[in-house]
Structure formats: structure tokens, C-alpha cells
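The file input38.cif contains mmCIF, C-alpha atoms:
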```
data_start
#
loop_
_atom_site.label_atom_id
_atom_site.label_comp_id
_atom_site.auth_asym_id
_atom_site.auth_seq_id
_atom_site.Cartn_x
_atom_site.Cartn_y
_atom_site.Cartn_z
CA MET A 289 0.00 0.00 0.00
CA PRO A 290 1.40 3.45 -0.88
CA ARG A 291 2.60 5.71 1.86
CA PRO A 292 -0.03 8.40 2.62
CA ARG A 293 0.51 12.03 1.75
CA LYS A 294 1.05 14.00 4.93
CA VAL A 295 0.26 17.64 5.62
CA THR A 296 1.14 19.24 8.94
CA LEU A 297 -0.67 22.37 10.12
CA ARG A 298 1.02 24.06 13.07
CA GLU A 299 -1.40 26.60 14.49
CA ALA A 300 1.43 28.68 15.99
CA GLU A 301 2.98 29.14 12.52
CA LEU A 302 -0.21 30.02 10.65
CA THR A 303 -1.37 33.56 11.29
CA THR A 304 -4.35 33.88 8.94
CA PRO A 305 -7.08 31.68 7.51
CA GLU A 306 -5.74 32.49 4.04
CA GLU A 307 -2.40 30.86 4.93
CA VAL A 308 -4.16 27.65 5.98
CA HIS A 309 -6.26 27.55 2.82
CA GLU A 310 -3.20 28.19 0.67
CA ARG A 311 -1.11 25.48 2.35
CA LEU A 312 -3.87 22.88 2.09
CA ALA A 313 -4.66 23.79 -1.52
CA ARG A 314 -1.00 23.53 -2.52
CA LYS A 315 -0.14 20.36 -0.57
CA LEU A 316 -3.34 18.50 -1.49
CA ASP A 317 -3.51 19.67 -5.11
CA PHE A 318 -6.94 21.27 -4.82
CA PRO A 319 -8.42 22.49 -8.12
CA GLU A 320 -7.83 26.06 -9.29
CA TYR A 321 -11.46 26.93 -8.56
CA TYR A 322 -11.04 26.08 -4.84
CA GLY A 323 -13.02 28.76 -3.03
CA HIS A 324 -10.75 29.29 0.00
CA ASN A 325 -13.57 28.98 2.51
CA LEU A 326 -14.63 26.22 4.93
CA ASP A 327 -17.45 24.93 2.73
CA ALA A 328 -15.06 24.57 -0.22
CA LEU A 329 -12.52 22.91 2.08
CA GLU A 330 -15.10 20.35 3.16
CA ASP A 331 -15.98 19.65 -0.48
CA CYS A 332 -12.35 19.21 -1.55
CA LEU A 333 -11.46 17.03 1.44
CA GLY A 334 -14.44 14.85 0.54
CA ASP A 335 -12.99 14.38 -2.95
CA ILE A 336 -9.65 12.99 -1.73
CA ASP A 337 -9.15 9.58 -3.27
CA GLU A 338 -5.68 8.58 -2.13
CA PRO A 339 -4.31 7.90 1.37
CA THR A 340 -3.79 11.26 3.06
CA ARG A 341 -3.08 12.28 6.65
CA ILE A 342 -3.48 15.78 8.05
CA VAL A 343 -1.66 16.41 11.32
CA VAL A 344 -2.93 19.43 13.25
CA VAL A 345 -0.65 20.76 15.97
CA ARG A 346 -2.60 23.11 18.22
CA ALA A 347 -0.91 26.12 19.82
CA ASP A 348 -0.95 26.80 23.54
CA GLU A 349 -3.09 29.86 22.82
CA LYS A 350 -5.79 28.62 20.48
CA THR A 351 -7.32 30.98 17.94
CA ALA A 352 -11.05 30.96 17.32
CA TRP A 353 -10.78 31.01 13.50
CA PHE A 354 -8.46 27.96 13.52
CA ASN A 355 -11.13 25.95 15.38
CA GLY A 356 -13.25 25.97 12.23
CA PHE A 357 -10.47 24.32 10.24
CA VAL A 358 -9.95 21.69 12.91
CA GLU A 359 -13.65 20.84 12.94
CA VAL A 360 -13.94 20.55 9.15
CA ILE A 361 -10.80 18.41 8.90
CA ARG A 362 -11.85 16.16 11.78
CA GLU A 363 -15.38 15.62 10.45
CA SER A 364 -14.14 15.06 6.89
CA ALA A 365 -11.68 12.43 8.12
CA GLN A 366 -14.47 10.62 9.96
CA ARG A 367 -16.45 10.33 6.71
CA SER A 368 -13.55 9.32 4.45
CA CYS A 369 -11.75 6.04 3.99
CA PHE A 370 -8.77 7.91 2.45
CA LEU A 371 -8.35 10.83 4.86
CA GLY A 372 -6.89 10.52 8.33
CA CYS A 373 -6.49 13.23 10.93
CA SER A 374 -4.35 13.59 14.06
CA ILE A 375 -4.80 16.50 16.44
CA ARG A 376 -1.99 17.18 18.88
CA SER A 377 -1.59 19.72 21.64
#
```
This entry written out as C-alpha cells:
Amino acid sequence: MPRPRKVTLREAELTTPEEVHERLARKLDFPEYYGHNLDALEDCLGDIDEPTRIVVVRADEKTAWFNGFVEVIRESAQRSCFLGCSIRS
């Protein structure tokens, strides 16, 4: 079985929602029309068809906007047989 793609999101290093969207779009090869919002993220994560793991490393001081990303990623991973998610503190 092929080794899964891995994307790490470190909350402490990401200062804006745009940075998170850009990193995920680039690392996961989202289509050009990706809308850079949480609904579009959920749609694109649902389209993943190869083994993929997203590792989320939470910061000591959690930001409210980052919580939305964590929720979408976690829920998408629960529905997908190709997407895995790890959340670390």
C-alpha cells in the first residue's frame, strides 16, 4: 500500500485563515477553482481519493478562527476512507 501524503498544520505558525487555505490547496492539489472557505474545504477534502493524513498541531493559545479548520478536517476524516487526521496539543 502506498505511503499516505502528509500535511502538517502548526497553528502557531499560521497567522491567517488564508495561509491555511493556501497550504492545504498547494499540498493537497486542490483544483484552481477552490473557493478558500470552509465549505469549499469540506468539499475538496471529501474528494480525496488517495491515502492522506493531516496532522494538526494546536498552539498553547488557540485561535477561534483555527477551530473551524480543525472541525472541518476532523469531520471530513471521519467520513472518508482515504483521509486521516491527528490532532496534537
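Of the listed residues A:Pro292, A:Pro305, A:Gly334, A:Pro319, the one whose atoms come nearest to A:Thr351 is A:Pro305, with distances taken using all atoms listed in the file.
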For this session: Translate the PyMOL selection byres ((chain A and resi 335-342) around 6), as applied to the file shown, into an explicit residue set as a PyMOL selection string.
Result: chain A and resi 292-296+332-334+343+370-373
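If you look at atom CA of A:Ser364 and atom CA of A:Glu330, they are 6.5 Å away from each other.
Taking atom CA of A:Val345 and atom CA of A:Glu301 as the two end points, the separation is 9.8 Å.
Nearest residue to A:Val358 among A:Val344, A:Leu312, A:Ala328, A:Ala300 is A:Val344, counting only C-alpha atoms.
In this comparison, which uses only C-alpha atoms, the residue of A:Asp327, A:Glu320, A:Glu349, A:Glu299 approaching A:Ile375 most closely is A:Glu299.
Note that the spacing between atom CA of A:Leu302 and atom CA of A:Ala347 amounts to 10.0 Å.
Between A:Leu297 and the residues A:Tyr322, A:Gln366, A:Phe357, A:Lys350, the shortest atom-to-atom distance, using all atoms listed in the file, involves A:Phe357.
Nearest to A:Glu359 of all the residues A:Asp331, A:Arg291, A:Leu326, A:Arg376 is A:Leu326, based on all atoms listed in the file.
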Produce the centre coordinates and the three edge lengths, each in Å to one decimal, of the box along x, y and z that contains all listed atoms of stretch 311-322 of chain A with 4 Å added on each side, as lines of an AutoDock Vina configuration file.
```
center_x = -5.8
center_y = 22.7
center_z = -3.5
size_x = 19.3
size_y = 16.4
size_z = 19.6
```
